[in-house]
>>> print(open('upload00.pdb').read())   # PDB, C-alpha atoms and all ligand atoms
ATOM      1  CA  MET A   1      46.782  67.248  99.020  1.00  0.00           C
ATOM      2  CA  SER A   2      46.996  67.394  95.275  1.00  0.00           C
ATOM      3  CA  ALA A   3      49.139  69.843  93.364  1.00  0.00           C
ATOM      4  CA  ILE A   4      46.184  70.517  91.089  1.00  0.00           C
ATOM      5  CA  LEU A   5      44.425  72.275  93.941  1.00  0.00           C
ATOM      6  CA  PRO A   6      45.952  75.226  95.769  1.00  0.00           C
ATOM      7  CA  PRO A   7      47.499  74.331  99.156  1.00  0.00           C
ATOM      8  CA  THR A   8      44.994  74.408 102.020  1.00  0.00           C
ATOM      9  CA  GLU A   9      47.330  76.551 104.086  1.00  0.00           C
ATOM     10  CA  ARG A  10      48.521  79.597 102.226  1.00  0.00           C
ATOM     11  CA  VAL A  11      51.880  79.641 103.997  1.00  0.00           C
ATOM     12  CA  TRP A  12      52.655  76.013 103.108  1.00  0.00           C
ATOM     13  CA  TRP A  13      56.457  76.335 103.269  1.00  0.00           C
ATOM     14  CA  LYS A  14      56.367  76.783 107.024  1.00  0.00           C
ATOM     15  CA  GLN A  15      54.728  73.409 107.609  1.00  0.00           C
ATOM     16  CA  PRO A  16      57.001  70.775 109.185  1.00  0.00           C
ATOM     17  CA  LEU A  17      58.993  68.594 106.845  1.00  0.00           C
ATOM     18  CA  ASP A  18      57.987  64.974 106.605  1.00  0.00           C
ATOM     19  CA  ARG A  19      60.708  62.566 107.799  1.00  0.00           C
ATOM     20  CA  VAL A  20      60.782  60.692 104.491  1.00  0.00           C
ATOM     21  CA  GLU A  21      61.051  63.939 102.558  1.00  0.00           C
ATOM     22  CA  LEU A  22      63.966  65.078 104.714  1.00  0.00           C
ATOM     23  CA  LEU A  23      65.655  61.725 104.326  1.00  0.00           C
ATOM     24  CA  TRP A  24      65.529  61.929 100.531  1.00  0.00           C
ATOM     25  CA  ILE A  25      66.771  65.509 100.497  1.00  0.00           C
ATOM     26  CA  VAL A  26      69.767  64.421 102.579  1.00  0.00           C
ATOM     27  CA  ILE A  27      70.436  61.389 100.356  1.00  0.00           C
ATOM     28  CA  ALA A  28      70.215  63.466  97.173  1.00  0.00           C
ATOM     29  CA  LEU A  29      72.467  66.182  98.591  1.00  0.00           C
ATOM     30  CA  ALA A  30      75.054  63.679  99.771  1.00  0.00           C
ATOM     31  CA  TRP A  31      75.079  62.032  96.350  1.00  0.00           C
ATOM     32  CA  CYS A  32      75.451  65.416  94.612  1.00  0.00           C
ATOM     33  CA  LEU A  33      78.452  66.212  96.784  1.00  0.00           C
ATOM     34  CA  ILE A  34      80.056  62.824  96.155  1.00  0.00           C
ATOM     35  CA  MET A  35      79.686  63.284  92.398  1.00  0.00           C
ATOM     36  CA  PHE A  36      80.943  66.859  92.603  1.00  0.00           C
ATOM     37  CA  PHE A  37      84.175  65.829  94.317  1.00  0.00           C
ATOM     38  CA  MET A  38      84.563  62.823  92.047  1.00  0.00           C
ATOM     39  CA  MET A  39      85.072  65.190  89.079  1.00  0.00           C
ATOM     40  CA  PRO A  40      88.450  66.621  90.211  1.00  0.00           C
ATOM     41  CA  TYR A  41      89.383  63.282  91.782  1.00  0.00           C
ATOM     42  CA  TRP A  42      88.800  61.436  88.538  1.00  0.00           C
ATOM     43  CA  HIS A  43      90.652  64.065  86.577  1.00  0.00           C
ATOM     44  CA  ILE A  44      93.759  63.754  88.746  1.00  0.00           C
ATOM     45  CA  TYR A  45      93.803  60.067  89.722  1.00  0.00           C
ATOM     46  CA  GLY A  46      91.611  58.381  87.127  1.00  0.00           C
ATOM     47  CA  GLN A  47      93.385  60.050  84.167  1.00  0.00           C
ATOM     48  CA  GLN A  48      90.106  59.963  82.310  1.00  0.00           C
ATOM     49  CA  ASN A  49      89.375  63.569  81.482  1.00  0.00           C
ATOM     50  CA  LEU A  50      91.415  65.577  79.033  1.00  0.00           C
ATOM     51  CA  SER A  51      93.276  68.672  80.150  1.00  0.00           C
ATOM     52  CA  ASN A  52      92.256  70.776  77.201  1.00  0.00           C
ATOM     53  CA  GLU A  53      92.459  74.504  76.679  1.00  0.00           C
ATOM     54  CA  ALA A  54      90.066  76.726  74.750  1.00  0.00           C
ATOM     55  CA  TYR A  55      90.574  80.169  73.269  1.00  0.00           C
ATOM     56  CA  ARG A  56      88.423  82.560  71.312  1.00  0.00           C
ATOM     57  CA  ALA A  57      89.658  82.868  67.752  1.00  0.00           C
ATOM     58  CA  LYS A  58      88.342  83.660  64.299  1.00  0.00           C
ATOM     59  CA  PRO A  59      87.621  80.742  61.942  1.00  0.00           C
ATOM     60  CA  ALA A  60      89.337  82.622  59.091  1.00  0.00           C
ATOM     61  CA  ASP A  61      92.590  82.971  61.086  1.00  0.00           C
ATOM     62  CA  PHE A  62      92.425  79.364  62.142  1.00  0.00           C
ATOM     63  CA  SER A  63      91.929  78.207  58.584  1.00  0.00           C
ATOM     64  CA  LYS A  64      94.950  80.288  57.513  1.00  0.00           C
ATOM     65  CA  LYS A  65      97.166  78.548  60.072  1.00  0.00           C
ATOM     66  CA  ALA A  66      95.880  75.159  58.928  1.00  0.00           C
ATOM     67  CA  GLU A  67      96.628  76.008  55.289  1.00  0.00           C
ATOM     68  CA  GLU A  68     100.166  77.094  56.196  1.00  0.00           C
ATOM     69  CA  MET A  69     100.742  73.809  58.002  1.00  0.00           C
ATOM     70  CA  ILE A  70      99.354  71.812  55.057  1.00  0.00           C
ATOM     71  CA  GLU A  71     101.587  73.642  52.599  1.00  0.00           C
ATOM     72  CA  LYS A  72     104.696  72.931  54.677  1.00  0.00           C
ATOM     73  CA  TYR A  73     104.138  69.350  55.775  1.00  0.00           C
ATOM     74  CA  LYS A  74     101.903  67.636  53.221  1.00  0.00           C
ATOM     75  CA  VAL A  75     103.204  64.156  52.397  1.00  0.00           C
ATOM     76  CA  ARG A  76     100.451  62.793  50.113  1.00  0.00           C
ATOM     77  CA  GLU A  77      96.778  63.035  49.168  1.00  0.00           C
ATOM     78  CA  GLU A  78      94.070  60.485  49.785  1.00  0.00           C
ATOM     79  CA  GLY A  79      90.739  59.479  48.323  1.00  0.00           C
ATOM     80  CA  GLU A  80      88.579  60.949  45.571  1.00  0.00           C
ATOM     81  CA  GLN A  81      88.454  64.275  47.418  1.00  0.00           C
ATOM     82  CA  LYS A  82      92.274  64.383  47.419  1.00  0.00           C
ATOM     83  CA  VAL A  83      92.416  65.178  51.114  1.00  0.00           C
ATOM     84  CA  PRO A  84      95.965  66.185  52.073  1.00  0.00           C
ATOM     85  CA  VAL A  85      97.761  64.007  54.608  1.00  0.00           C
ATOM     86  CA  VAL A  86     100.058  66.060  56.814  1.00  0.00           C
ATOM     87  CA  HIS A  87     103.076  64.781  58.732  1.00  0.00           C
ATOM     88  CA  PRO A  88     104.008  67.666  61.030  1.00  0.00           C
ATOM     89  CA  PRO A  89     107.259  67.646  63.037  1.00  0.00           C
ATOM     90  CA  ALA A  90     107.139  66.061  66.492  1.00  0.00           C
ATOM     91  CA  GLY A  91     106.180  68.468  69.229  1.00  0.00           C
ATOM     92  CA  SER A  92     104.536  70.948  66.888  1.00  0.00           C
ATOM     93  CA  ASP A  93     101.163  72.644  66.760  1.00  0.00           C
ATOM     94  CA  VAL A  94      98.747  70.764  64.551  1.00  0.00           C
ATOM     95  CA  TYR A  95      95.536  72.190  63.106  1.00  0.00           C
ATOM     96  CA  LEU A  96      92.406  70.236  62.309  1.00  0.00           C
ATOM     97  CA  ILE A  97      89.400  71.902  60.712  1.00  0.00           C
ATOM     98  CA  ALA A  98      85.855  70.641  61.208  1.00  0.00           C
ATOM     99  CA  GLN A  99      83.347  71.817  58.634  1.00  0.00           C
ATOM    100  CA  LEU A 100      80.280  70.661  56.738  1.00  0.00           C
ATOM    101  CA  TRP A 101      81.032  67.758  56.206  1.00  0.00           C
ATOM    102  CA  ARG A 102      84.648  66.884  56.563  1.00  0.00           C
ATOM    103  CA  TRP A 103      87.708  66.871  58.796  1.00  0.00           C
ATOM    104  CA  TYR A 104      90.573  68.665  57.129  1.00  0.00           C
ATOM    105  CA  PRO A 105      93.390  67.721  56.681  1.00  0.00           C
ATOM    106  CA  MET A 106      94.310  64.147  57.663  1.00  0.00           C
ATOM    107  CA  LEU A 107      97.024  63.885  60.271  1.00  0.00           C
ATOM    108  CA  GLU A 108      99.961  61.543  60.498  1.00  0.00           C
ATOM    109  CA  LEU A 109     101.668  61.606  63.889  1.00  0.00           C
ATOM    110  CA  GLU A 110     104.634  59.763  65.354  1.00  0.00           C
ATOM    111  CA  SER A 111     104.105  57.470  68.306  1.00  0.00           C
ATOM    112  CA  GLY A 112     105.780  58.499  71.536  1.00  0.00           C
ATOM    113  CA  LYS A 113     105.885  62.171  70.495  1.00  0.00           C
ATOM    114  CA  SER A 114     103.668  64.933  71.857  1.00  0.00           C
ATOM    115  CA  TYR A 115     101.601  67.273  69.742  1.00  0.00           C
ATOM    116  CA  ARG A 116      99.291  70.149  70.442  1.00  0.00           C
ATOM    117  CA  ILE A 117      96.212  69.459  68.373  1.00  0.00           C
ATOM    118  CA  HIS A 118      94.105  72.567  67.684  1.00  0.00           C
ATOM    119  CA  LEU A 119      90.494  72.042  66.714  1.00  0.00           C
ATOM    120  CA  MET A 120      87.914  74.471  65.390  1.00  0.00           C
ATOM    121  CA  SER A 121      84.710  74.378  63.425  1.00  0.00           C
ATOM    122  CA  MET A 122      84.227  76.682  60.443  1.00  0.00           C
ATOM    123  CA  ASP A 123      80.430  76.681  60.599  1.00  0.00           C
ATOM    124  CA  TRP A 124      78.597  75.146  63.533  1.00  0.00           C
ATOM    125  CA  LEU A 125      78.815  72.499  66.191  1.00  0.00           C
ATOM    126  CA  HIS A 126      80.659  69.294  65.366  1.00  0.00           C
ATOM    127  CA  GLY A 127      81.967  66.565  67.645  1.00  0.00           C
ATOM    128  CA  PHE A 128      85.487  65.185  67.454  1.00  0.00           C
ATOM    129  CA  SER A 129      85.402  61.516  68.339  1.00  0.00           C
ATOM    130  CA  LEU A 130      88.526  59.404  68.060  1.00  0.00           C
ATOM    131  CA  GLN A 131      87.911  55.695  67.560  1.00  0.00           C
ATOM    132  CA  PRO A 132      88.636  53.177  69.021  1.00  0.00           C
ATOM    133  CA  GLU A 133      90.075  55.479  71.721  1.00  0.00           C
ATOM    134  CA  ASN A 134      87.442  57.115  73.838  1.00  0.00           C
ATOM    135  CA  ILE A 135      88.249  60.775  73.173  1.00  0.00           C
ATOM    136  CA  ASN A 136      85.358  63.160  72.600  1.00  0.00           C
ATOM    137  CA  ILE A 137      85.586  66.911  72.176  1.00  0.00           C
ATOM    138  CA  GLN A 138      82.889  69.345  71.135  1.00  0.00           C
ATOM    139  CA  VAL A 139      84.143  71.559  68.331  1.00  0.00           C
ATOM    140  CA  HIS A 140      82.613  75.037  68.100  1.00  0.00           C
ATOM    141  CA  PRO A 141      83.059  77.853  65.612  1.00  0.00           C
ATOM    142  CA  GLY A 142      84.966  80.765  67.160  1.00  0.00           C
ATOM    143  CA  TYR A 143      86.597  78.624  69.846  1.00  0.00           C
ATOM    144  CA  GLU A 144      89.956  77.026  69.409  1.00  0.00           C
ATOM    145  CA  HIS A 145      90.275  73.849  71.451  1.00  0.00           C
ATOM    146  CA  VAL A 146      93.805  72.709  72.134  1.00  0.00           C
ATOM    147  CA  VAL A 147      94.510  69.176  73.286  1.00  0.00           C
ATOM    148  CA  THR A 148      97.999  67.945  74.056  1.00  0.00           C
ATOM    149  CA  VAL A 149      98.297  64.321  73.010  1.00  0.00           C
ATOM    150  CA  THR A 150     101.027  61.714  72.941  1.00  0.00           C
ATOM    151  CA  PRO A 151      99.951  58.783  70.784  1.00  0.00           C
ATOM    152  CA  THR A 152     101.415  55.563  72.150  1.00  0.00           C
ATOM    153  CA  THR A 153     100.225  52.861  69.748  1.00  0.00           C
ATOM    154  CA  PRO A 154     100.932  52.970  65.993  1.00  0.00           C
ATOM    155  CA  GLY A 155      97.952  52.294  63.776  1.00  0.00           C
ATOM    156  CA  THR A 156      95.099  53.826  61.845  1.00  0.00           C
ATOM    157  CA  TYR A 157      92.448  55.541  63.931  1.00  0.00           C
ATOM    158  CA  SER A 158      89.072  56.841  62.841  1.00  0.00           C
ATOM    159  CA  ILE A 159      87.772  60.321  63.476  1.00  0.00           C
ATOM    160  CA  ILE A 160      84.018  60.641  63.324  1.00  0.00           C
ATOM    161  CA  CYS A 161      81.613  63.461  64.012  1.00  0.00           C
ATOM    162  CA  ASN A 162      79.414  62.708  66.996  1.00  0.00           C
ATOM    163  CA  GLU A 163      77.269  65.834  67.056  1.00  0.00           C
ATOM    164  CA  TYR A 164      74.421  65.838  64.568  1.00  0.00           C
ATOM    165  CA  CYS A 165      75.318  68.521  62.014  1.00  0.00           C
ATOM    166  CA  GLY A 166      72.976  68.090  59.080  1.00  0.00           C
ATOM    167  CA  VAL A 167      72.104  65.728  56.250  1.00  0.00           C
ATOM    168  CA  ASN A 168      75.647  64.514  55.633  1.00  0.00           C
ATOM    169  CA  HIS A 169      76.612  64.193  59.294  1.00  0.00           C
ATOM    170  CA  HIS A 170      77.121  60.459  58.792  1.00  0.00           C
ATOM    171  CA  THR A 171      79.738  61.053  56.070  1.00  0.00           C
ATOM    172  CA  MET A 172      81.868  63.318  58.248  1.00  0.00           C
ATOM    173  CA  ALA A 173      84.609  60.811  58.941  1.00  0.00           C
ATOM    174  CA  SER A 174      88.355  60.843  58.582  1.00  0.00           C
ATOM    175  CA  ARG A 175      91.506  59.050  59.642  1.00  0.00           C
ATOM    176  CA  LEU A 176      94.402  59.676  61.961  1.00  0.00           C
ATOM    177  CA  TYR A 177      97.620  57.813  61.322  1.00  0.00           C
ATOM    178  CA  VAL A 178     100.087  57.023  64.054  1.00  0.00           C
ATOM    179  CA  VAL A 179     103.431  55.820  62.706  1.00  0.00           C
ATOM    180  CA  LYS A 180     106.650  54.657  64.366  1.00  0.00           C
TER     181      LYS A 180
HETATM  182 CU1  LIG B 201      79.785  67.245  61.877  1.00  0.00          CU
HETATM  183 CU2  LIG B 201      78.095  65.770  62.574  1.00  0.00          CU
END
>>> encode(input="upload00.pdb", output="structure tokens")
Amino acid sequence: MSAILPPTERVWWKQPLDRVELLWIVIALAWCLIMFFMMPYWHIYGQQNLSNEAYRAKPADFSKKAEEMIEKYKVREEGEQKVPVVHPPAGSDVYLIAQLWRWYPMLELESGKSYRIHLMSMDWLHGFSLQPENINIQVHPGYEHVVTVTPTTPGTYSIICNEYCGVNHHTMASRLYVVK
């Protein structure tokens, strides 16, 4: 029977199930369930997924908090754009703005200390991707994502945008410094 033609029997769903069809339904269902329970398992035992929080907030308020932090803890400026580099105190709340087409400001964190990194977009969807670590977070306007991180290895990390956000998407890159 072809799907192009209507079924010969009008009440087709009462016809007996073919054994092969049943077998594949059972296999697919079992696999779905395995993958479903792997999600919490991997979160707890694999330590692979981030425990992040998200709150509704206004971009303007977020940007105000970021500016306050920059004013207090700016240590230098970098590049032609004179992007401020901020060295906030250990354990503090840190704000990072995503917007067309930059990450603002640059962060300098101390290794072995924990920070609450707040992320928000000012315009539309961007993707926070920390390289070479495998950390990826979607950054939306109107939602404040909070990730608690403890950097363990000093060095210079790259932040790139991994959600296509327009013609200069490829230039939306920044740095994250981890110092001793
Ligand atoms: Cu921001 Cu791509």
>>> closest_atom_pairs(input="upload00.pdb", of="chain A", to="ligand LIG 201 (chain B)", cutoff="6 Å", atoms="all atoms listed in the file", output="JSON lines")
{"residue": "A:Trp101", "atom": "CA", "partner": "B:LIG201", "partner_atom": "CU1", "distance": 5.8}
{"residue": "A:His126", "atom": "CA", "partner": "B:LIG201", "partner_atom": "CU1", "distance": 4.1}
{"residue": "A:Cys161", "atom": "CA", "partner": "B:LIG201", "partner_atom": "CU2", "distance": 4.4}
{"residue": "A:Asn162", "atom": "CA", "partner": "B:LIG201", "partner_atom": "CU2", "distance": 5.5}
{"residue": "A:Glu163", "atom": "CA", "partner": "B:LIG201", "partner_atom": "CU2", "distance": 4.6}
{"residue": "A:Tyr164", "atom": "CA", "partner": "B:LIG201", "partner_atom": "CU2", "distance": 4.2}
{"residue": "A:Cys165", "atom": "CA", "partner": "B:LIG201", "partner_atom": "CU2", "distance": 3.9}
{"residue": "A:His169", "atom": "CA", "partner": "B:LIG201", "partner_atom": "CU2", "distance": 3.9}
{"residue": "A:Met172", "atom": "CA", "partner": "B:LIG201", "partner_atom": "CU1", "distance": 5.7}
>>> write_last_selection(input="upload00.pdb", atoms="C-alpha atoms", output="tab-separated table (two decimals), in the coordinates of the input")
chain	number	residue	atom	x	y	z
A	101	TRP	CA	81.03	67.76	56.21
A	126	HIS	CA	80.66	69.29	65.37
A	161	CYS	CA	81.61	63.46	64.01
A	162	ASN	CA	79.41	62.71	67.00
A	163	GLU	CA	77.27	65.83	67.06
A	164	TYR	CA	74.42	65.84	64.57
A	165	CYS	CA	75.32	68.52	62.01
A	169	HIS	CA	76.61	64.19	59.29
A	172	MET	CA	81.87	63.32	58.25
>>> residues_around(input="upload00.pdb", residues="region 150-158 of chain A", least_positions_apart="4", cutoff="9 Å", atoms="all atoms listed in the file", output="PyMOL selection string")
chain A and resi 109-116+129-133+173-180
>>> atom_distance(input="upload00.pdb", atom1="CA of Tyr143 (chain A)", atom2="CA of Glu67 (chain A)")
17.9 Å
>>> resolve_selection(input="upload00.pdb", expression="the PyMOL selection byres (((chain A and resi 75-80) around 12) and not hetatm)", output="list in words")
Met69, Ile70, Glu71, Lys72, Tyr73, Lys74, Gln81, Lys82, Val83, Pro84, Val85, Val86, His87, Pro88, Pro89, Tyr104, Pro105, Met106, Leu107, Glu108, Leu109, Ser174 and Arg175 of chain A
>>> closest_atom_pairs(input="upload00.pdb", of="region 113-150 of chain A", to="region 48-52 of chain A", cutoff="8 Å", atoms="all atoms listed in the file", output="tab-separated table")
residue	atom	partner	partner_atom	distance
A:His145	CA	A:Asn52	CA	6.8
A:Val146	CA	A:Asn52	CA	5.6
A:Val147	CA	A:Asn52	CA	4.8
A:Thr148	CA	A:Asn52	CA	7.1
>>> atom_distance(input="upload00.pdb", atom1="CA of Ala60 (chain A)", atom2="CA of Gly127 (chain A)")
19.6 Å
>>> atom_distance(input="upload00.pdb", atom1="CA of Ser121 (chain A)", atom2="CA of Val139 (chain A)")
5.7 Å
>>> resolve_selection(input="upload00.pdb", expression="the PyMOL selection byres (((chain A and resi 144) around 7) and not hetatm)", output="JSON, numbers by chain")
{"A": [54, 55, 56, 57, 118, 119, 120, 142, 143, 145, 146]}
>>> axis_aligned_box(input="upload00.pdb", around="region 142-146 of chain A", padding_each_side="6 Å", output="AutoDock Vina command-line options")
--center_x 89.4 --center_y 76.7 --center_z 69.6 --size_x 20.8 --size_y 20.1 --size_z 17.0
>>> resolve_selection(input="upload00.pdb", expression="the PyMOL selection byres (((chain A and resi 123) around 7) and not hetatm)", output="count of residues only")
5
>>> closest_residue(input="upload00.pdb", among="A:Ile4, A:Val11, A:Ile97, A:Leu22", to="Ser63 (chain A)", atoms="only C-alpha atoms")
A:Ile97
>>> closest_residue(input="upload00.pdb", among="A:Val26, A:Leu96, A:Leu17, A:Leu5", to="Lys65 (chain A)", atoms="all atoms listed in the file")
A:Leu96
>>> decode(input="upload00.pdb", residues="region 130-142 of chain A", atoms="N, CA and C atoms", output="short mmCIF file (atom, residue, chain, number, x, y, z; two decimals), in the first residue's frame")
data_model
loop_
_atom_site.label_atom_id
_atom_site.label_comp_id
_atom_site.auth_asym_id
_atom_site.auth_seq_id
_atom_site.Cartn_x
_atom_site.Cartn_y
_atom_site.Cartn_z
N LEU A 130 33.60 29.50 25.11
CA LEU A 130 34.91 29.71 25.71
C LEU A 130 35.88 28.68 25.15
N GLN A 131 36.97 29.18 24.56
CA GLN A 131 37.96 28.31 23.93
C GLN A 131 39.28 28.40 24.67
N PRO A 132 40.05 27.33 24.82
CA PRO A 132 39.80 25.98 24.31
C PRO A 132 38.93 25.13 25.25
N GLU A 133 38.36 25.70 26.30
CA GLU A 133 37.43 24.92 27.13
C GLU A 133 36.16 24.72 26.32
N ASN A 134 35.43 23.69 26.65
CA ASN A 134 34.21 23.44 25.89
C ASN A 134 33.00 23.94 26.68
N ILE A 135 32.87 25.27 26.77
CA ILE A 135 31.73 25.85 27.47
C ILE A 135 30.92 26.67 26.47
N ASN A 136 29.66 26.34 26.32
CA ASN A 136 28.80 27.02 25.37
C ASN A 136 27.50 27.42 26.04
N ILE A 137 27.16 28.70 25.92
CA ILE A 137 25.91 29.18 26.52
C ILE A 137 25.23 30.11 25.54
N GLN A 138 23.95 29.88 25.31
CA GLN A 138 23.20 30.81 24.46
C GLN A 138 22.90 32.06 25.26
N VAL A 139 23.10 33.21 24.66
CA VAL A 139 22.91 34.48 25.35
C VAL A 139 21.76 35.23 24.68
N HIS A 140 20.69 35.44 25.45
CA HIS A 140 19.48 36.07 24.90
C HIS A 140 19.28 37.46 25.49
N PRO A 141 18.62 38.33 24.74
CA PRO A 141 18.25 39.62 25.34
C PRO A 141 17.08 39.38 26.30
N GLY A 142 17.10 40.06 27.45
CA GLY A 142 15.99 39.93 28.39
C GLY A 142 16.13 38.76 29.35
#
